[in-house]
$ cat input29.txt   # compact mmCIF, C-alpha atoms
# COMPACT_ATOMS: atom_id res chain seq x y z
CA MET A 1 105.37 -17.33 78.74
CA SER A 2 104.24 -18.44 75.29
CA THR A 3 101.23 -20.47 74.18
CA ILE A 4 101.92 -24.20 73.82
CA ILE A 5 98.32 -25.43 73.28
CA SER A 6 95.81 -23.40 71.29
CA VAL A 7 92.25 -24.60 70.74
CA LYS A 8 89.75 -22.45 68.83
CA GLU A 9 86.07 -23.26 68.24
CA LEU A 10 86.86 -26.97 68.41
CA ARG A 11 84.03 -29.30 67.44
CA LYS A 12 83.57 -33.04 67.22
CA GLN A 13 80.36 -34.66 66.03
CA PHE A 14 79.49 -38.33 66.04
CA LYS A 15 76.78 -39.90 63.90
CA VAL A 16 74.98 -42.59 65.89
CA ARG A 17 72.05 -44.81 65.04
CA LYS A 18 68.77 -43.99 66.76
CA ARG A 19 67.73 -46.61 69.27
CA TYR A 20 64.17 -47.55 70.24
CA ASN A 21 62.92 -49.24 73.42
CA GLY A 22 61.16 -52.57 73.75
CA PHE A 23 61.19 -55.72 71.62
CA MET A 24 59.60 -54.09 68.59
CA GLY A 25 61.83 -51.09 69.15
CA SER A 26 64.90 -53.36 69.02
CA LEU A 27 63.74 -54.72 65.67
CA LYS A 28 63.16 -51.19 64.43
CA THR A 29 66.64 -50.19 65.63
CA LEU A 30 68.14 -53.16 63.78
CA LEU A 31 66.39 -52.34 60.52
CA SER A 32 66.29 -48.57 60.75
CA ARG A 33 68.59 -46.25 58.84
CA GLU A 34 67.78 -43.30 61.08
CA TYR A 35 70.71 -41.52 62.71
CA LYS A 36 71.22 -38.60 65.04
CA ILE A 37 74.17 -36.24 65.46
CA ILE A 38 75.90 -36.05 68.87
CA ASN A 39 77.93 -32.90 69.56
CA ALA A 40 80.61 -34.41 71.81
CA VAL A 41 82.68 -31.19 71.72
CA ASP A 42 80.83 -28.04 70.74
CA GLY A 43 82.81 -24.85 70.08
CA VAL A 44 85.49 -25.20 72.76
CA SER A 45 88.25 -22.57 72.86
CA PHE A 46 91.19 -22.18 75.25
CA GLU A 47 94.92 -21.55 75.35
CA ILE A 48 97.51 -23.06 77.68
CA GLU A 49 100.83 -21.37 78.30
CA LYS A 50 104.18 -23.12 78.67
CA GLY A 51 104.77 -24.33 82.22
CA GLU A 52 101.13 -24.23 83.34
CA ILE A 53 99.39 -27.00 85.29
CA VAL A 54 95.77 -26.99 84.16
CA GLY A 55 92.90 -29.16 85.39
CA TYR A 56 90.38 -30.21 82.71
CA LEU A 57 87.16 -31.23 84.45
CA GLY A 58 83.71 -32.42 83.55
CA PRO A 59 81.18 -35.16 84.35
CA ASN A 60 81.21 -38.46 82.45
CA GLY A 61 80.30 -37.89 78.81
CA ALA A 62 81.06 -34.16 78.97
CA GLY A 63 83.69 -34.28 76.18
CA LYS A 64 86.97 -34.44 78.13
CA SER A 65 88.32 -37.64 76.60
CA THR A 66 87.20 -36.59 73.12
CA THR A 67 89.12 -33.33 73.51
CA ILE A 68 92.25 -35.15 74.68
CA LYS A 69 92.05 -37.57 71.74
CA MET A 70 91.88 -34.62 69.34
CA LEU A 71 94.82 -32.94 71.10
CA ILE A 72 97.02 -35.97 70.39
CA GLY A 73 95.72 -36.61 66.88
CA ILE A 74 93.75 -39.82 67.50
CA LEU A 75 90.50 -38.13 66.45
CA TYR A 76 89.99 -35.75 63.56
CA PRO A 77 87.96 -32.65 64.58
CA SER A 78 84.69 -31.86 62.84
CA GLY A 79 85.47 -28.15 63.00
CA GLY A 80 87.70 -25.52 64.56
CA SER A 81 91.47 -25.59 64.93
CA ILE A 82 94.11 -27.09 67.24
CA LEU A 83 97.78 -26.29 67.58
CA VAL A 84 99.88 -28.29 70.05
CA ASN A 85 103.47 -27.13 70.31
CA GLY A 86 103.05 -25.46 66.93
CA MET A 87 101.76 -28.63 65.23
CA VAL A 88 98.36 -29.71 63.94
CA PRO A 89 97.89 -33.03 65.81
CA PHE A 90 96.03 -35.07 63.17
CA GLU A 91 98.49 -33.97 60.45
CA GLU A 92 101.75 -34.40 62.39
CA ARG A 93 100.89 -37.04 64.95
CA ARG A 94 104.15 -39.02 64.75
CA GLU A 95 106.27 -35.92 65.36
CA LEU A 96 103.89 -34.61 68.02
CA MET A 97 104.17 -37.81 70.04
CA ARG A 98 107.88 -37.10 70.43
CA ARG A 99 106.96 -33.86 72.21
CA VAL A 100 104.08 -35.15 74.35
CA GLY A 101 103.96 -37.63 77.26
CA ILE A 102 100.71 -39.41 78.13
CA VAL A 103 99.64 -41.32 81.24
CA PHE A 104 96.30 -43.13 81.38
CA GLY A 105 95.41 -44.25 84.90
CA GLN A 106 93.70 -47.42 83.71
CA ARG A 107 96.11 -48.39 80.92
CA SER A 108 99.80 -49.20 81.02
CA GLN A 109 102.51 -48.34 78.51
CA LEU A 110 104.94 -50.64 80.33
CA TRP A 111 105.44 -54.34 79.58
CA TRP A 112 103.61 -56.33 82.26
CA ASP A 113 106.17 -59.10 82.83
CA LEU A 114 109.40 -57.17 82.22
CA PRO A 115 111.45 -55.37 84.87
CA VAL A 116 110.73 -51.63 84.68
CA ILE A 117 114.26 -50.81 83.56
CA ASP A 118 113.82 -53.07 80.50
CA SER A 119 110.57 -51.27 79.61
CA PHE A 120 112.38 -47.94 79.97
CA ASN A 121 115.15 -49.09 77.62
CA LEU A 122 112.61 -50.31 75.06
CA LEU A 123 110.73 -47.00 75.20
CA GLY A 124 114.04 -45.20 74.74
CA LYS A 125 114.57 -47.16 71.51
CA ILE A 126 111.01 -46.44 70.33
CA TYR A 127 111.51 -42.69 70.88
CA SER A 128 115.08 -42.80 69.46
CA VAL A 129 116.55 -41.33 72.65
CA PRO A 130 120.39 -41.54 72.54
CA THR A 131 121.77 -44.08 75.05
CA ASP A 132 123.68 -41.59 77.20
CA ARG A 133 120.72 -39.21 77.35
CA LEU A 134 118.33 -42.06 78.19
CA LYS A 135 120.56 -43.19 81.07
CA ARG A 136 120.76 -39.62 82.35
CA ASN A 137 116.98 -39.25 82.17
CA ILE A 138 116.36 -42.60 83.89
CA ASP A 139 118.73 -41.64 86.72
CA PHE A 140 117.13 -38.21 87.11
CA LEU A 141 113.52 -39.43 86.99
CA SER A 142 114.24 -42.40 89.27
CA GLY A 143 115.49 -40.01 91.92
CA LEU A 144 112.72 -37.46 91.41
CA LEU A 145 109.94 -40.08 91.51
CA GLU A 146 111.60 -42.29 94.13
CA ILE A 147 111.69 -45.49 92.05
CA GLU A 148 115.41 -46.34 92.23
CA GLY A 149 114.72 -49.41 94.36
CA ILE A 150 112.06 -50.94 92.10
CA LEU A 151 113.60 -50.66 88.64
CA GLU A 152 114.37 -54.40 88.54
CA ILE A 153 110.81 -55.41 89.53
CA PRO A 154 108.16 -56.32 86.90
CA ILE A 155 105.08 -54.10 86.79
CA HIS A 156 102.71 -56.92 87.80
CA GLN A 157 104.49 -57.23 91.17
CA MET A 158 104.08 -53.54 92.08
CA SER A 159 101.49 -51.65 94.06
CA LEU A 160 99.30 -49.17 92.17
CA GLY A 161 101.24 -46.25 93.61
CA GLN A 162 104.59 -47.69 92.50
CA ARG A 163 103.20 -48.52 89.07
CA MET A 164 101.84 -45.01 88.57
CA ARG A 165 105.19 -43.43 89.44
CA CYS A 166 106.86 -45.72 86.89
CA GLU A 167 104.21 -44.81 84.29
CA ILE A 168 104.92 -41.11 84.79
CA ALA A 169 108.67 -41.70 84.54
CA ALA A 170 108.13 -43.66 81.31
CA SER A 171 106.10 -40.82 79.82
CA LEU A 172 108.96 -38.37 80.52
CA LEU A 173 111.92 -40.40 79.22
CA HIS A 174 111.92 -38.58 75.87
CA GLU A 175 111.78 -35.14 77.58
CA PRO A 176 108.32 -34.08 76.34
CA GLU A 177 107.29 -30.46 76.71
CA ILE A 178 103.68 -31.47 77.48
CA LEU A 179 102.40 -34.15 79.87
CA LEU A 180 98.77 -35.32 79.64
CA LEU A 181 97.56 -37.09 82.80
CA ASP A 182 94.24 -38.91 82.60
CA GLU A 183 92.98 -40.11 86.02
CA PRO A 184 96.53 -40.71 87.36
CA SER A 185 95.41 -41.25 90.98
CA ILE A 186 92.57 -43.69 90.28
CA GLY A 187 92.64 -46.58 92.76
CA LEU A 188 95.44 -45.11 94.90
CA ASP A 189 95.26 -44.87 98.67
CA VAL A 190 95.45 -41.53 100.51
CA VAL A 191 99.22 -41.70 101.14
CA ALA A 192 100.00 -42.67 97.54
CA LYS A 193 97.79 -39.85 96.24
CA GLU A 194 99.60 -37.27 98.38
CA LYS A 195 102.97 -38.51 97.14
CA LEU A 196 101.78 -38.47 93.52
CA ARG A 197 100.54 -34.88 93.83
CA SER A 198 103.88 -33.77 95.27
CA MET A 199 105.69 -35.46 92.40
CA ILE A 200 103.48 -33.83 89.75
CA LYS A 201 104.38 -30.43 91.19
CA ALA A 202 108.06 -31.42 91.32
CA ILE A 203 108.02 -32.46 87.64
CA ASN A 204 106.50 -29.12 86.70
CA ALA A 205 109.07 -27.21 88.76
CA GLU A 206 112.14 -29.24 87.79
CA CYS A 207 111.39 -30.02 84.13
CA LYS A 208 109.24 -26.96 83.30
CA THR A 209 106.74 -29.41 81.79
CA THR A 210 103.28 -28.16 80.83
CA ILE A 211 100.71 -30.47 82.45
CA LEU A 212 97.06 -31.02 81.52
CA LEU A 213 95.28 -33.09 84.17
CA THR A 214 91.89 -34.74 83.68
CA THR A 215 90.43 -36.36 86.79
CA HIS A 216 87.30 -36.92 88.85
CA ASP A 217 89.32 -36.59 92.07
CA LEU A 218 89.03 -32.88 92.75
CA ALA A 219 91.53 -33.11 95.59
CA ASP A 220 94.15 -33.71 92.87
CA VAL A 221 93.09 -30.52 91.11
CA GLU A 222 92.95 -28.51 94.34
CA ALA A 223 96.46 -29.65 95.24
CA VAL A 224 98.30 -29.09 91.95
CA CYS A 225 96.29 -26.92 89.50
CA SER A 226 96.16 -23.14 89.66
CA ARG A 227 93.82 -22.98 86.65
CA ILE A 228 90.70 -24.98 85.84
CA LEU A 229 88.78 -25.68 82.63
CA ILE A 230 85.28 -27.13 83.05
CA ILE A 231 83.43 -28.74 80.15
CA ASP A 232 79.81 -29.92 80.26
CA LYS A 233 77.68 -31.28 77.42
CA GLY A 234 80.47 -30.46 75.00
CA LYS A 235 80.73 -26.77 75.93
CA LEU A 236 83.40 -25.01 77.97
CA ILE A 237 81.54 -23.44 80.89
CA TYR A 238 84.45 -22.17 82.99
CA ASP A 239 88.06 -21.13 82.38
CA GLY A 240 89.80 -19.48 85.30
CA THR A 241 91.73 -19.85 88.52
CA GLN A 242 90.77 -21.81 91.62
CA ASP A 243 90.59 -18.58 93.60
CA GLU A 244 88.21 -17.02 91.07
CA ILE A 245 85.80 -19.99 91.01
CA LYS A 246 85.71 -19.97 94.81
CA ARG A 247 85.05 -16.23 94.88
CA ARG A 248 82.35 -16.50 92.22
CA TYR A 249 80.52 -19.60 93.44
CA GLY A 250 81.79 -20.36 96.95
CA LYS A 251 79.75 -17.72 98.75
CA ILE A 252 78.97 -19.81 101.82
CA ARG A 253 81.76 -19.86 104.43
CA THR A 254 82.01 -21.51 107.83
CA LEU A 255 83.53 -19.92 110.93
CA GLU A 256 84.64 -22.40 113.59
CA VAL A 257 84.94 -20.74 117.00
CA GLU A 258 86.27 -22.14 120.27
CA LEU A 259 85.10 -20.09 123.27
CA ALA A 260 86.71 -19.89 126.68
CA GLU A 261 83.63 -21.48 128.25
CA THR A 262 80.47 -23.27 127.20
CA VAL A 263 77.50 -21.03 126.41
CA GLY A 264 73.84 -21.58 125.61
CA ASN A 265 72.04 -20.42 122.47
CA VAL A 266 73.79 -17.70 120.48
CA ASP A 267 72.40 -15.41 117.78
CA PHE A 268 74.52 -13.51 115.28
CA ASN A 269 72.03 -13.12 112.44
CA PRO A 270 72.39 -13.49 109.42
CA ALA A 271 75.03 -16.10 110.36
CA LYS A 272 73.49 -19.47 111.28
CA VAL A 273 74.69 -21.86 113.95
CA VAL A 274 75.06 -25.20 112.13
CA LYS A 275 76.78 -27.12 114.91
CA GLN A 276 77.59 -26.71 118.58
CA GLU A 277 79.73 -29.09 120.66
CA GLY A 278 80.84 -27.98 124.12
CA ARG A 279 82.87 -24.81 123.76
CA LYS A 280 83.00 -25.07 119.94
CA ILE A 281 80.44 -23.42 117.65
CA TRP A 282 80.26 -23.53 113.85
CA PHE A 283 78.66 -20.52 112.11
CA GLU A 284 77.65 -20.61 108.44
CA PHE A 285 77.34 -17.28 106.59
CA ASN A 286 77.10 -15.80 103.11
CA ARG A 287 80.14 -13.66 102.34
CA GLU A 288 77.96 -11.26 100.31
CA GLU A 289 75.68 -10.63 103.32
CA LEU A 290 78.23 -10.62 106.11
CA SER A 291 82.02 -10.34 106.15
CA ALA A 292 84.13 -12.65 108.27
CA ALA A 293 85.72 -9.64 109.96
CA ASP A 294 82.32 -8.27 111.04
CA LEU A 295 81.15 -11.64 112.35
CA ILE A 296 84.38 -12.19 114.30
CA ALA A 297 84.15 -8.66 115.76
CA ARG A 298 80.59 -9.30 116.95
CA ILE A 299 81.50 -12.64 118.54
CA THR A 300 84.66 -11.37 120.27
CA GLY A 301 82.67 -8.35 121.50
CA GLN A 302 80.42 -10.66 123.56
CA TYR A 303 82.55 -13.70 124.36
CA GLU A 304 86.13 -14.59 125.15
CA VAL A 305 87.47 -16.54 122.16
CA LYS A 306 90.28 -19.08 122.49
CA ASP A 307 90.59 -20.00 118.80
CA LEU A 308 88.86 -19.57 115.45
CA THR A 309 89.16 -20.92 111.91
CA ILE A 310 87.50 -19.88 108.64
CA HIS A 311 86.59 -22.73 106.27
CA GLU A 312 86.02 -21.85 102.62
CA THR A 313 83.60 -23.83 100.44
CA ARG A 314 85.42 -26.89 99.14
CA LEU A 315 86.19 -26.98 95.43
CA GLU A 316 84.53 -30.40 95.25
CA THR A 317 81.25 -28.93 96.54
CA ILE A 318 81.35 -26.05 94.04
CA ILE A 319 82.10 -28.30 91.04
CA SER A 320 79.40 -30.77 92.13
CA ASP A 321 76.85 -27.94 92.28
CA ILE A 322 77.91 -26.76 88.81
CA TYR A 323 77.43 -30.27 87.40
CA LYS A 324 73.99 -30.49 89.00
CA GLY A 325 73.00 -27.08 87.64
CA ALA A 326 72.53 -25.74 91.16
CA ILE A 327 74.71 -22.70 90.39

$ encode --input "input29.txt" --output "structure tokens"
Amino acid sequence: MSTIISVKELRKQFKVRKRYNGFMGSLKTLLSREYKIINAVDGVSFEIEKGEIVGYLGPNGAGKSTTIKMLIGILYPSGGSILVNGMVPFEERRELMRRVGIVFGQRSQLWWDLPVIDSFNLLGKIYSVPTDRLKRNIDFLSGLLEIEGILEIPIHQMSLGQRMRCEIAASLLHEPEILLLDEPSIGLDVVAKEKLRSMIKAINAECKTTILLTTHDLADVEAVCSRILIIDKGKLIYDGTQDEIKRRYGKIRTLEVELAETVGNVDFNPAKVVKQEGRKIWFEFNREELSAADLIARITGQYEVKDLTIHETRLETIISDIYKGAI
């Protein structure tokens, strides 16, 4: 694989007026010429290879959106360098937009009152996609994203799930090598989210599209992203795989055991019993203090076990703890 996005020591500073509290403070704010510098993105570096699906995470105000805007040339960086598909975004934005597809969960690129197929044809003209190629792409994407039956329906008559599938199709009509997804599952129900995740993986597999996903729904990331970037207060604090972040920070595991018969109090220190219902017992243990194999061997040595399941720490819990500074 080769690098398709390269970011080195990227910085973006904003100059904002100092604000003061209270009535007199409001007057002072109005008349003051005092400013402070906000480091929205502060020395961020990463590379993304062709064909990767990468999750870009961070709490509100962490610098995610600012980074994305610099990647597509909307914002000019204060320092550092960016190369997207071999181009400097703020210098070659028009050409870059022919190679990149963008979906914003809360904004539409489709015309609200037009049938979807008309929006697709208009976008084909905007991107100068030849007519035969556009038709081929519409047919392919309609099948892949299961929208054949709704192409004649205006966007305002669709459900959120249908609209989002059409938005993704629209962003891929010009065959971009990179797809940026910003909160694509926002507002969707559970079934629609599952379908969307499957389709994101299908797009990556079928089209070999590099995908950068920003979202607050960590189930999206867990389902489709093998690699995660985490930004907080403008700094990149993690770059690695899901498995690695779980190994590094997800030390607490849960063993769910179903015994052949109900028992009273049990003790398998240092594992703790966190729940007990009839024949089922849930043990919580630190993987660095006790291995699952040792705990299972101790339990099966004393009781007849009908079934058992190991639950790893959820990615959502780990990321939440990182945001809170708990780990």

$ residues_near_point --input "input29.txt" --point "(82.4, -7.4, 108.1)" --cutoff "12 Å" --atoms "all atoms listed in the file" --output "compact mmCIF listing (two decimals) with C-alpha atoms, in the coordinates of the input"
# COMPACT_ATOMS: atom_id res chain seq x y z
CA PRO A 270 72.39 -13.49 109.42
CA ALA A 271 75.03 -16.10 110.36
CA PHE A 285 77.34 -17.28 106.59
CA ASN A 286 77.10 -15.80 103.11
CA ARG A 287 80.14 -13.66 102.34
CA GLU A 288 77.96 -11.26 100.31
CA GLU A 289 75.68 -10.63 103.32
CA LEU A 290 78.23 -10.62 106.11
CA SER A 291 82.02 -10.34 106.15
CA ALA A 292 84.13 -12.65 108.27
CA ALA A 293 85.72 -9.64 109.96
CA ASP A 294 82.32 -8.27 111.04
CA LEU A 295 81.15 -11.64 112.35
CA ILE A 296 84.38 -12.19 114.30
CA ALA A 297 84.15 -8.66 115.76
CA ARG A 298 80.59 -9.30 116.95
CA ILE A 299 81.50 -12.64 118.54

$ atom_distance --input "input29.txt" --atom1 "CA of Leu141 in chain A" --atom2 "CA of Ile200 in chain A"
11.8 Å

$ residues_around --input "input29.txt" --residues "Ser81 in chain A" --least-positions-apart "2" --cutoff "12 Å" --atoms "all atoms listed in the file" --output "PyMOL selection string"
chain A and resi 5-12+43-47+67+70-71+73+76-79+83-84+86-91

$ atom_distance --input "input29.txt" --atom1 "CA of Lys246 in chain A" --atom2 "CA of Lys201 in chain A"
21.7 Å

$ closest_residue --input "input29.txt" --among "A:Ile68, A:Val263, A:Leu160, A:Ile178" --to "Glu49 in chain A" --atoms "all atoms listed in the file"
A:Ile178

$ residues_around --input "input29.txt" --residues "Asp239 in chain A" --least-positions-apart "6" --cutoff "7 Å" --atoms "all atoms listed in the file" --output "ChimeraX atom specification"
/A:228-230

$ closest_residue --input "input29.txt" --among "A:Ile318, A:Pro176, A:Glu258, A:Leu188" --to "Asp243 in chain A" --atoms "all atoms listed in the file"
A:Ile318
